[in-house]
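Asker: Compact mmCIF, C-alpha atoms, saved as run28.txt, coming up:
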# COMPACT_ATOMS: atom_id res chain seq x y z
CA MET Y 1320 -35.93 -99.72 71.31
CA LEU Y 1321 -35.38 -96.15 72.34
CA GLY Y 1322 -32.87 -93.42 71.88
CA LEU Y 1323 -32.14 -89.97 73.19
CA HIS Y 1324 -31.21 -87.21 70.83
CA GLY Y 1325 -27.97 -85.63 71.73
CA GLY Y 1326 -25.45 -83.82 69.67
CA PRO Y 1327 -22.03 -82.29 69.71
CA ASP Y 1328 -20.81 -79.60 71.98
CA ILE Y 1329 -20.63 -76.45 69.91
CA ASN Y 1330 -20.72 -72.98 71.38
CA GLY Y 1331 -21.34 -71.44 68.00
CA MET Y 1332 -22.69 -72.35 64.62
CA SER Y 1333 -21.92 -75.57 62.94
CA GLY Y 1334 -19.33 -76.33 60.34
CA MET Y 1335 -16.43 -74.80 62.19
CA SER Y 1336 -13.14 -76.46 62.72
CA GLY Y 1337 -12.40 -77.39 66.28
CA GLY Y 1338 -15.57 -75.96 67.72
CA ALA Y 1339 -16.49 -72.33 67.72
CA SER Y 1340 -16.29 -69.26 69.86
CA GLY Y 1341 -19.25 -68.08 71.88
CA GLY Y 1342 -20.92 -64.75 72.57
CA LEU Y 1343 -20.05 -61.98 70.12
CA LEU Y 1344 -17.57 -64.31 68.43
CA ALA Y 1345 -20.14 -67.07 67.79
CA GLY Y 1346 -19.59 -68.54 64.38
CA ILE Y 1347 -15.81 -68.00 64.40
CA SER Y 1348 -13.51 -70.97 64.72
CA PRO Y 1349 -11.02 -70.45 67.59
CA ASP Y 1350 -8.02 -71.04 65.32
CA HIS Y 1351 -9.31 -68.20 63.10
CA LEU Y 1352 -9.45 -65.56 65.85
CA PRO Y 1353 -6.03 -63.98 65.02
CA ALA Y 1354 -7.24 -63.50 61.44
CA LEU Y 1355 -10.44 -61.87 62.70
CA PHE Y 1356 -8.51 -59.05 64.34
CA ALA Y 1357 -5.70 -58.80 61.77
CA PRO Y 1358 -7.62 -56.35 59.48
CA LEU Y 1359 -7.57 -53.81 62.31
CA LEU Y 1360 -3.87 -53.39 61.53
CA VAL Y 1361 -4.45 -52.43 57.89
CA LEU Y 1362 -5.04 -48.69 58.28
CA PRO Y 1363 -2.18 -48.19 60.81
CA ALA Y 1364 0.08 -50.18 58.45
CA VAL Y 1365 -0.95 -48.01 55.47
CA TRP Y 1366 -0.33 -44.83 57.45
CA LEU Y 1367 3.08 -46.03 58.60
CA PHE Y 1368 4.03 -47.20 55.10
CA LEU Y 1369 3.11 -43.83 53.54
CA LEU Y 1370 5.04 -42.03 56.26
CA VAL Y 1371 8.16 -44.10 55.60
CA ALA Y 1372 7.70 -43.81 51.82
CA ARG Y 1373 7.54 -40.01 51.97
CA LYS Y 1374 10.66 -39.84 54.11
CA ALA Y 1375 12.48 -42.24 51.79
CA ALA Y 1376 11.39 -40.23 48.74
CA GLY Y 1377 12.63 -37.05 50.39
CA ALA Y 1378 15.97 -38.76 50.87
CA GLY Y 1379 16.15 -39.50 47.14
CA TYR Y 1380 15.14 -43.19 47.17
CA SER Y 1381 13.80 -43.75 43.63
CA PRO Y 1382 11.39 -46.70 44.30
CA ALA Y 1383 9.69 -44.61 46.99
CA ARG Y 1384 9.40 -41.67 44.58
CA ARG Y 1385 7.92 -43.92 41.91
CA PHE Y 1386 5.40 -45.35 44.35
CA LEU Y 1387 4.29 -41.91 45.59
CA HIS Y 1388 4.03 -40.64 42.02
CA GLY Y 1389 1.69 -43.50 41.17
CA TYR Y 1390 -0.22 -43.16 44.43
CA GLU Y 1391 -0.94 -39.46 43.87
CA ARG Y 1392 -2.23 -40.13 40.35
CA THR Y 1393 -4.66 -42.91 41.28
CA SER Y 1394 -8.36 -42.45 41.92
CA LEU Y 1395 -10.22 -43.03 45.17
CA VAL Y 1396 -11.67 -46.25 43.73
CA GLN Y 1397 -8.17 -47.63 43.11
CA ARG Y 1398 -7.06 -46.73 46.61
CA VAL Y 1399 -10.11 -48.43 48.14
CA PHE Y 1400 -9.38 -51.45 45.96
CA ALA Y 1401 -5.82 -51.60 47.28
CA VAL Y 1402 -7.10 -51.39 50.87
CA LEU Y 1403 -9.48 -54.31 50.23
CA LEU Y 1404 -6.55 -56.33 48.91
CA LEU Y 1405 -4.64 -55.54 52.10
CA VAL Y 1406 -7.61 -56.56 54.25
CA THR Y 1407 -7.75 -60.02 52.68
CA ALA Y 1408 -3.93 -60.18 52.80
CA PHE Y 1409 -3.89 -59.54 56.54
CA ILE Y 1410 -6.68 -62.08 57.10
CA HIS Y 1411 -4.72 -64.77 55.24
CA LEU Y 1412 -1.55 -63.93 57.16
CA GLY Y 1413 -3.56 -64.03 60.40
CA LEU Y 1414 -4.66 -67.59 59.61
CA ILE Y 1415 -1.08 -68.88 59.75
CA PRO Y 1416 -0.74 -69.26 63.57
CA GLY Y 1417 -3.94 -71.29 63.88
CA HIS Y 1418 -2.86 -73.79 61.19
CA ALA Y 1419 0.91 -73.89 61.63
CA THR Y 1420 0.82 -76.99 63.83
CA ASP Y 1421 -2.07 -79.09 62.62
CA ALA Y 1422 -1.99 -78.09 58.92
CA PRO Y 1423 1.46 -76.71 58.03
CA LYS Y 1424 0.91 -77.07 54.27
CA LEU Y 1425 -2.26 -75.00 54.50
CA ALA Y 1426 -0.45 -72.44 56.66
CA ARG Y 1427 2.24 -72.07 53.97
CA LEU Y 1428 -0.45 -71.53 51.34
CA PHE Y 1429 -2.02 -68.82 53.51
CA ALA Y 1430 1.41 -67.16 53.79
CA VAL Y 1431 1.97 -67.20 50.05
CA ASN Y 1432 -1.54 -65.94 49.36
CA GLY Y 1433 -1.22 -63.14 51.89
CA LEU Y 1434 2.11 -61.95 50.50
CA LEU Y 1435 0.76 -62.06 46.94
CA PHE Y 1436 -2.13 -59.82 47.98
CA VAL Y 1437 0.29 -57.37 49.59
CA ALA Y 1438 2.30 -57.32 46.35
CA ALA Y 1439 -0.88 -56.82 44.33
CA ALA Y 1440 -1.87 -53.87 46.53
CA LEU Y 1441 1.52 -52.22 45.91
CA ALA Y 1442 1.29 -52.99 42.19
CA VAL Y 1443 -1.85 -50.83 41.93
CA PHE Y 1444 0.43 -47.80 42.22
CA THR Y 1445 3.57 -49.06 40.53
CA TRP Y 1446 2.78 -51.49 37.71
CA ARG Y 1447 0.96 -50.98 34.43
CA TRP Y 1448 -0.52 -54.49 34.36
CA TRP Y 1449 -1.85 -54.53 37.89
CA ARG Y 1450 -5.48 -55.02 36.81
CA PRO Y 1451 -5.16 -58.43 35.09
CA ALA Y 1452 -2.70 -59.64 37.74
CA ALA Y 1453 -5.01 -58.70 40.63
CA GLY Y 1454 -8.00 -60.15 38.81
CA VAL Y 1455 -6.31 -63.50 38.29
CA LEU Y 1456 -5.21 -63.57 41.95
CA LEU Y 1457 -8.73 -62.83 43.22
CA VAL Y 1458 -10.36 -65.43 41.00
CA LEU Y 1459 -7.79 -68.11 41.88
CA THR Y 1460 -8.19 -67.35 45.58
CA LEU Y 1461 -11.97 -67.71 45.39
CA LEU Y 1462 -11.62 -71.00 43.50
CA ALA Y 1463 -8.99 -72.29 45.91
CA TYR Y 1464 -11.28 -71.56 48.86
CA LEU Y 1465 -14.20 -73.37 47.24
CA SER Y 1466 -11.94 -76.33 46.51
CA ALA Y 1467 -10.62 -76.42 50.11
CA ILE Y 1468 -14.06 -76.36 51.75
CA SER Y 1469 -15.50 -78.91 49.32
CA LYS Y 1470 -12.68 -81.33 50.22
CA GLY Y 1471 -12.98 -80.66 53.95
CA GLN Y 1472 -9.47 -79.15 54.10
CA GLU Y 1473 -10.89 -75.95 55.56
CA SER Y 1474 -14.13 -75.35 57.41
CA VAL Y 1475 -16.81 -72.78 56.61
CA ASP Y 1476 -17.20 -70.11 59.26
CA GLN Y 1477 -18.29 -66.50 59.37
CA LEU Y 1478 -14.75 -65.19 58.93
CA GLY Y 1479 -14.29 -67.18 55.73
CA ILE Y 1480 -17.59 -65.93 54.32
CA ALA Y 1481 -16.74 -62.32 55.24
CA THR Y 1482 -13.34 -62.67 53.56
CA LYS Y 1483 -14.99 -63.89 50.36
CA LEU Y 1484 -17.33 -60.88 50.48
CA VAL Y 1485 -14.29 -58.59 50.73
CA GLU Y 1486 -12.71 -60.31 47.74
CA LEU Y 1487 -15.94 -60.13 45.74
CA ALA Y 1488 -16.20 -56.42 46.54
CA ALA Y 1489 -12.61 -55.95 45.36
CA LEU Y 1490 -13.42 -57.87 42.18
CA GLY Y 1491 -16.39 -55.58 41.61
CA LEU Y 1492 -14.20 -52.48 41.92
CA LEU Y 1493 -11.65 -54.05 39.61
CA LEU Y 1494 -14.30 -54.68 36.95
CA LEU Y 1495 -15.85 -51.23 37.36
CA PRO Y 1496 -15.56 -49.37 34.02
CA SER Y 1497 -13.60 -46.13 34.02
CA PRO Y 1498 -15.48 -42.84 33.44
CA ARG Y 1499 -13.98 -42.75 29.96
CA ALA Y 1500 -15.33 -46.23 29.14
CA ILE Y 1501 -18.74 -45.33 30.52
CA ALA Y 1502 -18.88 -42.21 28.33
CA ALA Y 1503 -17.89 -44.19 25.24
CA ARG Y 1504 -20.43 -45.79 22.91
CA HIS Y 1505 -19.65 -49.23 24.29
CA GLY Y 1506 -20.16 -48.08 27.88
CA THR Y 1507 -23.55 -49.75 28.30
CA GLN Y 1508 -22.22 -53.06 27.02
CA ARG Y 1509 -19.22 -52.80 29.32
CA ARG Y 1510 -21.39 -52.13 32.35
CA THR Y 1511 -23.66 -55.08 31.49
CA LEU Y 1512 -20.73 -57.45 31.14
CA THR Y 1513 -19.21 -56.17 34.38
CA ALA Y 1514 -22.46 -56.67 36.30
CA ALA Y 1515 -22.91 -60.15 34.83
CA ALA Y 1516 -19.35 -61.17 35.69
CA LEU Y 1517 -19.66 -59.97 39.29
CA LEU Y 1518 -23.08 -61.55 39.72
CA GLY Y 1519 -21.75 -64.83 38.32
CA ALA Y 1520 -18.76 -64.80 40.67
CA THR Y 1521 -21.01 -64.08 43.65
CA VAL Y 1522 -23.47 -66.85 42.75
CA VAL Y 1523 -20.70 -69.40 42.16
CA THR Y 1524 -19.06 -68.50 45.48
CA GLY Y 1525 -22.32 -68.56 47.43
CA VAL Y 1526 -23.47 -71.86 45.93
CA GLY Y 1527 -20.04 -73.38 46.56
CA ILE Y 1528 -20.11 -72.36 50.22
CA TRP Y 1529 -23.67 -73.58 50.63
CA GLY Y 1530 -22.84 -76.85 48.91
CA ALA Y 1531 -19.92 -77.42 51.27
CA GLU Y 1532 -22.24 -76.81 54.24
CA LEU Y 1533 -24.93 -79.14 52.93
CA LYS Y 1534 -22.44 -81.88 52.16
CA PRO Y 1535 -22.31 -84.50 54.95
CA ASN Y 1536 -19.10 -83.64 56.72
CA ILE Y 1537 -17.78 -85.72 59.59
CA THR Y 1538 -14.79 -83.53 60.26
CA HIS Y 1539 -16.04 -83.20 63.82
CA ALA Y 1540 -16.92 -86.30 65.82
CA ALA Y 1541 -18.49 -86.48 69.24
CA ASP Y 1542 -19.28 -89.24 71.65
CA ALA Y 1543 -21.92 -91.63 70.34
CA ALA Y 1544 -24.20 -93.43 72.76
CA THR Y 1545 -26.58 -96.35 72.40
CA VAL Y 1546 -29.27 -97.60 74.73
CA GLY Y 1547 -29.15 -101.38 74.43
CA GLN Y 1548 -31.75 -104.00 75.17
CA ASP Y 1549 -30.13 -104.59 78.52
CA GLY Y 1550 -30.90 -101.01 79.50
CA LEU Y 1551 -27.27 -99.94 79.52
CA VAL Y 1552 -25.93 -96.92 77.68
CA THR Y 1553 -22.66 -97.60 75.90
CA THR Y 1554 -20.45 -94.87 74.50
CA ALA Y 1555 -17.73 -94.80 71.91
CA ARG Y 1556 -15.18 -92.02 72.11
CA THR Y 1557 -14.39 -91.00 68.55
CA GLY Y 1558 -12.52 -87.82 69.27
CA ASN Y 1559 -12.67 -84.49 71.05
CA GLN Y 1560 -13.97 -82.65 68.02
CA LEU Y 1561 -17.58 -82.11 67.09
CA THR Y 1562 -20.24 -83.22 64.63
CA HIS Y 1563 -21.11 -81.06 61.66
CA ASP Y 1564 -24.71 -80.05 61.01
CA VAL Y 1565 -26.11 -78.02 58.16
CA THR Y 1566 -28.95 -76.24 59.92
CA GLY Y 1567 -26.97 -73.87 62.13
CA MET Y 1568 -27.34 -75.93 65.28
CA VAL Y 1569 -25.90 -74.44 68.43
CA MET Y 1570 -25.26 -77.23 70.91
CA GLN Y 1571 -25.47 -76.82 74.66
CA GLN Y 1572 -22.09 -77.53 76.21
CA VAL Y 1573 -21.60 -80.89 77.88
CA PRO Y 1574 -18.48 -82.55 79.27
CA LEU Y 1575 -16.42 -84.41 76.65
CA ARG Y 1576 -15.86 -87.55 78.71
CA PRO Y 1577 -17.44 -90.98 79.16
CA PRO Y 1578 -20.65 -90.94 81.22
CA THR Y 1579 -20.65 -92.07 84.83
CA GLN Y 1580 -22.79 -94.97 86.07
CA ALA Y 1581 -25.24 -92.48 87.56
CA GLU Y 1582 -25.49 -90.64 84.23
CA ASN Y 1583 -26.04 -93.94 82.40
CA ALA Y 1584 -28.87 -94.75 84.80
CA ALA Y 1585 -30.40 -91.29 84.39
CA ALA Y 1586 -30.32 -91.56 80.59
CA VAL Y 1587 -31.97 -94.99 80.62
CA LYS Y 1588 -34.61 -93.78 83.09
CA LEU Y 1589 -35.42 -90.69 81.01
CA ALA Y 1590 -35.67 -92.64 77.75
CA ALA Y 1591 -37.82 -95.39 79.29
CA ALA Y 1592 -40.13 -92.90 81.01
CA THR Y 1593 -40.62 -91.00 77.76
CA LYS Y 1594 -41.32 -94.17 75.80
CA THR Y 1595 -43.93 -95.25 78.32
CA ALA Y 1596 -45.55 -91.81 78.59
CA ILE Y 1597 -46.02 -91.24 74.87
CA ALA Y 1598 -47.00 -94.79 73.92
CA ARG Y 1599 -50.68 -93.80 73.82
CA TYR Y 1600 -49.86 -91.31 71.06
CA ASP Y 1601 -49.15 -94.12 68.61
CA ASP Y 1602 -52.68 -93.25 67.57
CA VAL Y 1603 -52.47 -89.67 66.28
CA ALA Y 1604 -56.17 -89.21 67.08
CA VAL Y 1605 -55.28 -89.43 70.78
CA ALA Y 1606 -52.62 -86.76 70.31
CA LEU Y 1607 -55.16 -84.50 68.62
CA ALA Y 1608 -57.63 -85.07 71.45
CA ASP Y 1609 -54.93 -84.07 73.98
CA GLY Y 1610 -54.27 -80.76 72.21
CA TYR Y 1611 -51.40 -81.59 69.86
CA ARG Y 1612 -51.58 -79.90 66.46
CA PRO Y 1613 -49.29 -80.09 63.38
CA SER Y 1614 -46.59 -77.42 63.61
CA THR Y 1615 -44.61 -78.32 60.49
CA SER Y 1616 -45.63 -79.08 56.94
CA PRO Y 1617 -47.64 -82.32 56.59
CA LYS Y 1618 -45.68 -83.02 53.40
CA GLN Y 1619 -42.38 -83.45 55.23
CA SER Y 1620 -40.94 -86.86 56.06
CA LEU Y 1621 -41.02 -85.96 59.76
CA ILE Y 1622 -43.97 -84.00 61.14
CA HIS Y 1623 -43.98 -82.21 64.48
CA TYR Y 1624 -47.17 -81.99 66.51
CA ALA Y 1625 -46.94 -79.22 69.13
CA ASN Y 1626 -49.03 -78.70 72.23
CA LYS Y 1627 -49.27 -74.98 73.02
CA ALA Y 1628 -50.53 -75.73 76.51
CA TYR Y 1629 -47.15 -77.27 77.36
CA ALA Y 1630 -45.02 -74.52 75.81
CA HIS Y 1631 -45.16 -72.27 78.89
CA ASP Y 1632 -46.36 -74.53 81.66
CA GLY Y 1633 -43.20 -74.21 83.73
CA ARG Y 1634 -42.21 -77.82 83.11
CA VAL Y 1635 -39.09 -78.70 81.12
CA LEU Y 1636 -38.12 -82.27 80.23
CA ASP Y 1637 -41.25 -83.78 81.72
CA PRO Y 1638 -41.82 -87.15 79.97
CA ALA Y 1639 -45.55 -86.91 80.71
CA GLN Y 1640 -45.91 -83.57 78.92
CA PRO Y 1641 -43.54 -83.25 75.94
CA GLU Y 1642 -43.92 -80.00 74.02
CA ASP Y 1643 -43.80 -81.83 70.67
CA LEU Y 1644 -44.44 -85.28 69.28
CA VAL Y 1645 -42.60 -86.35 66.13
CA TYR Y 1646 -44.24 -88.61 63.56
CA ALA Y 1647 -42.77 -90.20 60.45
CA ASN Y 1648 -44.87 -89.66 57.34
CA THR Y 1649 -45.06 -93.15 55.81
CA ALA Y 1650 -47.14 -94.86 53.13
CA HIS Y 1651 -49.01 -96.64 55.94
CA GLY Y 1652 -49.81 -93.44 57.80
CA LEU Y 1653 -48.16 -91.55 60.64
CA VAL Y 1654 -45.71 -93.52 62.78
CA LEU Y 1655 -44.74 -92.13 66.17
CA MET Y 1656 -40.96 -91.67 66.31
CA GLY Y 1657 -40.48 -89.88 69.60
CA ALA Y 1658 -40.87 -86.67 71.55
CA MET Y 1659 -39.23 -83.28 71.49
CA PHE Y 1660 -38.79 -81.16 74.60
CA MET Y 1661 -38.20 -77.40 74.51
CA THR Y 1662 -37.06 -74.80 77.01
CA GLU Y 1663 -39.08 -71.67 77.75
CA GLY Y 1664 -37.28 -68.68 76.26
CA LEU Y 1665 -34.54 -68.30 73.67
CA GLY Y 1666 -31.69 -67.99 76.15
CA ALA Y 1667 -32.72 -70.71 78.60
CA ALA Y 1668 -30.49 -73.76 78.90
CA GLY Y 1669 -31.97 -77.22 79.09
CA PRO Y 1670 -31.54 -79.42 82.19
CA ASP Y 1671 -28.68 -81.90 82.04
CA PRO Y 1672 -29.59 -85.05 84.00
CA ALA Y 1673 -27.18 -87.39 82.22
CA GLY Y 1674 -23.93 -85.54 81.57
CA PRO Y 1675 -22.63 -86.04 78.02
CA LEU Y 1676 -25.60 -88.25 77.05
CA VAL Y 1677 -28.24 -85.50 77.00
CA GLN Y 1678 -27.36 -82.56 74.79
CA TRP Y 1679 -29.76 -79.79 73.91
CA HIS Y 1680 -29.56 -77.74 70.74
CA ARG Y 1681 -31.17 -74.75 69.11
CA HIS Y 1682 -31.32 -73.67 65.47
CA THR Y 1683 -30.08 -70.29 64.28
CA SER Y 1684 -30.32 -70.69 60.50
CA LEU Y 1685 -33.99 -71.49 59.92
CA CYS Y 1686 -36.27 -69.22 57.89
CA PHE Y 1687 -40.00 -69.05 58.58
CA GLY Y 1688 -42.84 -67.52 56.61
CA ALA Y 1689 -46.43 -66.86 57.64
CA GLY Y 1690 -47.08 -70.50 58.53
CA PRO Y 1691 -45.41 -72.81 61.04
CA ALA Y 1692 -43.37 -74.72 58.49
CA ILE Y 1693 -39.69 -74.15 57.88
CA ASP Y 1694 -39.51 -72.38 54.50
CA GLY Y 1695 -35.74 -72.39 54.01
CA LEU Y 1696 -32.28 -71.90 55.43
CA LEU Y 1697 -30.09 -68.85 55.67
CA SER Y 1698 -27.86 -68.45 52.66
CA PRO Y 1699 -24.08 -68.23 53.20
CA PHE Y 1700 -24.48 -64.44 53.03
CA GLY Y 1701 -27.10 -64.31 55.80
CA THR Y 1702 -30.28 -63.94 53.73
CA CYS Y 1703 -33.57 -65.85 53.86
CA PRO Y 1704 -35.82 -66.69 50.89
CA ALA Y 1705 -38.14 -63.85 49.88
CA GLY Y 1706 -41.10 -63.49 52.21
CA THR Y 1707 -39.44 -65.27 55.13
CA ILE Y 1708 -37.45 -64.19 58.17
CA ASN Y 1709 -34.74 -65.81 60.24
CA VAL Y 1710 -35.94 -66.83 63.72
CA ALA Y 1711 -33.78 -68.57 66.32
CA THR Y 1712 -35.43 -71.40 68.23
CA PRO Y 1713 -35.39 -72.20 71.95
CA ALA Y 1714 -33.22 -75.08 73.12
CA MET Y 1715 -34.69 -78.46 72.21
CA LEU Y 1716 -34.04 -82.14 72.85
CA HIS Y 1717 -35.31 -85.14 70.90
CA ILE Y 1718 -35.86 -88.53 72.48
CA TRP Y 1719 -36.42 -91.14 69.79
CA THR Y 1720 -38.53 -94.10 70.91
CA ALA Y 1721 -38.75 -96.06 67.65
CA ILE Y 1722 -35.10 -96.57 66.75
CA GLU Y 1723 -33.45 -99.89 65.94
CA PRO Y 1724 -30.87 -99.88 67.43
CA ALA Y 1725 -31.30 -97.09 69.93
CA ARG Y 1726 -28.86 -94.25 69.59
CA ILE Y 1727 -27.94 -90.89 70.99
CA GLY Y 1728 -27.17 -88.27 68.38
CA GLY Y 1729 -28.54 -87.01 65.09
CA GLU Y 1730 -31.07 -84.31 64.34
CA ALA Y 1731 -33.45 -86.85 62.82
CA PRO Y 1732 -33.80 -90.61 63.24
CA PRO Y 1733 -33.35 -93.06 60.39
CA VAL Y 1734 -36.61 -94.02 58.69
CA PRO Y 1735 -37.95 -97.06 60.58
CA THR Y 1736 -38.18 -100.25 58.58
CA THR Y 1737 -40.13 -102.18 61.20
CA ARG Y 1738 -42.41 -101.45 64.11
If you convert what's in this file into structure tokens, what do you get?
Answerer:
Amino acid sequence: MLGLHGGPDINGMSGMSGGASGGLLAGISPDHLPALFAPLLVLPAVWLFLLVARKAAGAGYSPARRFLHGYERTSLVQRVFAVLLLVTAFIHLGLIPGHATDAPKLARLFAVNGLLFVAAALAVFTWRWWRPAAGVLLVLTLLAYLSAISKGQESVDQLGIATKLVELAALGLLLLPSPRAIAARHGTQRRTLTAAALLGATVVTGVGIWGAELKPNITHAADAATVGQDGLVTTARTGNQLTHDVTGMVMQQVPLRPPTQAENAAAVKLAAATKTAIARYDDVAVALADGYRPSTSPKQSLIHYANKAYAHDGRVLDPAQPEDLVYANTAHGLVLMGAMFMTEGLGAAGPDPAGPLVQWHRHTSLCFGAGPAIDGLLSPFGTCPAGTINVATPAMLHIWTAIEPARIGGEAPPVPTTR
């Protein structure tokens, strides 16, 4: 049996509700775009509020006088803290339009959360107990976010991660000891506890986000296709959303519709031609003789053998000259699973001979060290393991030739039980 690797149509990174934006907005869910630009209104809003407050105080309005009195007595750190609270407030309020229709309960929670952050920002200058109140609000918001993404109620995207960084920064300022506490005998202990608390909150948040990304999440579903024994490709429409993947896959756009008869025929022809062309590489010694060399760790369950001569030969999606062969590492030796084709250049798009049945992808979240093997994934905060760097890959396409039953979709095939 044989199968083509396809994948969902995502214009940005994976794990984003309803697809993602492209270009400079890659990694941002479309329904989150209003929230992305909402923080730009914070400083104008602060300026306007202070202007109105000063005029109201001049007119004898006592709440405005009390606010300005507190504002003038606060430190720069407190003012920055209040601005950070307003930034996350505006982001939460900006999330309301994108969720009002499909998730009204979540939209109401965003509204309440946003208004509470606005109130907390004002309390910095007007209320004695603003510190514990703001701390509780920040911690509960972080926990609520982790709960929502773990349950699939909200997706992980770059805006969500950035918002959590803002809230962690605010928490750090909140926990920062005052100059008087630092000068006191217990200042060192206070600083140690503060650093530990902030580090703990950051680790818990990062691990929670990463865990939600690594968790199999079928919140997005794409067309699935199977090449049957009769040579026909059948598809099952499961929705107009997209499949989640944990490795930062960016999928080449394809039409979200059933394939035509011509596209069915092209998919079957491509899969059959690839199966026939690489059959001789069942024996890995033949692959080595033809110039293929291991390009990933031999300890992995799937091992790629790359042929450098085919990487820049001007041929893309040529069944006779696949850039990579993929073997399964089994107790009985290497088992040929299929071929992987790659484009030449990071920005090049792969050819599309079969409409929605052939979907190319590239990886944006892989970390590489000195060797060819993948040494890790980007953390939720955009960092690689020590000694490695993040490198984006060219577009690639897998065609699996040892699948029972044949299928289109999935970054890796299931482990074969028979040959």
Asker: Each residue of segment 1673-1698 of chain Y with at least one atom at most 9 Å from segment 1580-1601 of chain Y should appear once, together with its nearest atom pair and the corresponding distance in Å (one decimal); atoms considered: only C-alpha atoms; ordering: chain, then increasing residue number; output as a Markdown table.
Answerer:
| residue | atom | partner | partner_atom | distance |
| --- | --- | --- | --- | --- |
| Y:Ala1673 | CA | Y:Glu1582 | CA | 4.2 |
| Y:Gly1674 | CA | Y:Glu1582 | CA | 6.0 |
| Y:Pro1675 | CA | Y:Glu1582 | CA | 8.2 |
| Y:Leu1676 | CA | Y:Ala1586 | CA | 6.8 |
| Y:Val1677 | CA | Y:Ala1586 | CA | 7.3 |
Asker: Can those selected residues be exported to a file as a PDB file, in the coordinates of the input so that it contains C-alpha atoms?
Answerer:
ATOM      1  CA  ALA Y1673     -27.180 -87.390  82.220  1.00  0.00           C
ATOM      2  CA  GLY Y1674     -23.930 -85.540  81.570  1.00  0.00           C
ATOM      3  CA  PRO Y1675     -22.630 -86.040  78.020  1.00  0.00           C
ATOM      4  CA  LEU Y1676     -25.600 -88.250  77.050  1.00  0.00           C
ATOM      5  CA  VAL Y1677     -28.240 -85.500  77.000  1.00  0.00           C
TER       6      VAL Y1677
END
Asker: Within 12 Å of (-34.8, -73.4, 77.5) (coordinates as in the file), grab all the protein and nucleic acid residues, counting only C-alpha atoms, and write them out as a short mmCIF file (atom, residue, chain, number, x, y, z; two decimals) with C-alpha atoms, in the frame of the given file.
Answerer:
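Dumped everything to result21.cif:
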data_model
loop_
_atom_site.label_atom_id
_atom_site.label_comp_id
_atom_site.auth_asym_id
_atom_site.auth_seq_id
_atom_site.Cartn_x
_atom_site.Cartn_y
_atom_site.Cartn_z
CA GLN Y 1571 -25.47 -76.82 74.66
CA ALA Y 1630 -45.02 -74.52 75.81
CA HIS Y 1631 -45.16 -72.27 78.89
CA GLY Y 1633 -43.20 -74.21 83.73
CA ARG Y 1634 -42.21 -77.82 83.11
CA VAL Y 1635 -39.09 -78.70 81.12
CA LEU Y 1636 -38.12 -82.27 80.23
CA GLU Y 1642 -43.92 -80.00 74.02
CA PHE Y 1660 -38.79 -81.16 74.60
CA MET Y 1661 -38.20 -77.40 74.51
CA THR Y 1662 -37.06 -74.80 77.01
CA GLU Y 1663 -39.08 -71.67 77.75
CA GLY Y 1664 -37.28 -68.68 76.26
CA LEU Y 1665 -34.54 -68.30 73.67
CA GLY Y 1666 -31.69 -67.99 76.15
CA ALA Y 1667 -32.72 -70.71 78.60
CA ALA Y 1668 -30.49 -73.76 78.90
CA GLY Y 1669 -31.97 -77.22 79.09
CA PRO Y 1670 -31.54 -79.42 82.19
CA ASP Y 1671 -28.68 -81.90 82.04
CA TRP Y 1679 -29.76 -79.79 73.91
CA HIS Y 1680 -29.56 -77.74 70.74
CA ARG Y 1681 -31.17 -74.75 69.11
CA THR Y 1712 -35.43 -71.40 68.23
CA PRO Y 1713 -35.39 -72.20 71.95
CA ALA Y 1714 -33.22 -75.08 73.12
CA MET Y 1715 -34.69 -78.46 72.21
CA LEU Y 1716 -34.04 -82.14 72.85
#
Asker: Measuring between only C-alpha atoms, which one of Y:Ala1442, Y:Val1406, Y:Leu1517, Y:Ile1468 shows the shortest distance to Gly1530 of chain Y?
Answerer: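 So, comparing all the options, the nearest one is Y:Ile1468.
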Asker: Would you pick out the contacts of Phe1368 of chain Y at 12 Å or less, using only C-alpha atoms, so that residues sharing its chain but fewer than 6 positions from it are not included, and give the list as a VMD selection string?
Answerer: chain Y and resid 1360 to 1362 1374 to 1376 1383 1386 to 1387 1441
Asker: Nearest to Leu1493 of chain Y among Y:Thr1720, Y:Gln1397, Y:Asn1432, Y:Gln1619, with distances taken over only C-alpha atoms: which residue is it?
Answerer: Y:Gln1397
Asker: In Å to one decimal, how far is atom CA of Ala1401 of chain Y from atom CA of Val1443 of chain Y?
Answerer: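 So the two atoms, atom CA of Val1443 of chain Y and atom CA of Ala1401 of chain Y, lie 6.7 Å apart.
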Asker: Kindly provide, as lines of an AutoDock Vina configuration file, the centre and edge lengths (Å, one decimal) of an axis-aligned box around all atoms of segment 1605-1614 of chain Y given in the file, with 8 Å on each side.
Answerer:
center_x = -52.1
center_y = -83.4
center_z = 68.7
size_x = 27.0
size_y = 28.0
size_z = 26.6
Asker: In terms of the shortest atom-to-atom distance over all atoms listed in the file, which of Y:Met1659, Y:Met1570, Y:Pro1704, Y:His1623 is closest to Thr1683 of chain Y?
Answerer: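 Using all atoms listed in the file, the shortest distance to Thr1683 of chain Y belongs to Y:Met1570.
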Asker: If you measure from atom CA of Leu1403 of chain Y to atom CA of Glu1391 of chain Y, what distance in Å do you get, rounded to one decimal?
Answerer: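 Pair atom CA of Leu1403 of chain Y / atom CA of Glu1391 of chain Y returns 18.3 Å.
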Asker: In Å, how far is it from atom CA of Asn1709 of chain Y to atom CA of Gln1477 of chain Y?
Answerer: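 Atom CA of Asn1709 of chain Y sits 16.5 Å away from atom CA of Gln1477 of chain Y.
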Asker: Using all atoms listed in the file, which of Y:Phe1409, Y:Ala1514, Y:Leu1653, Y:Asp1632 sits nearest Ser1620 of chain Y?
Answerer: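 Of Y:Phe1409, Y:Ala1514, Y:Leu1653, Y:Asp1632, the one nearest Ser1620 of chain Y, counting all atoms listed in the file, is Y:Leu1653.
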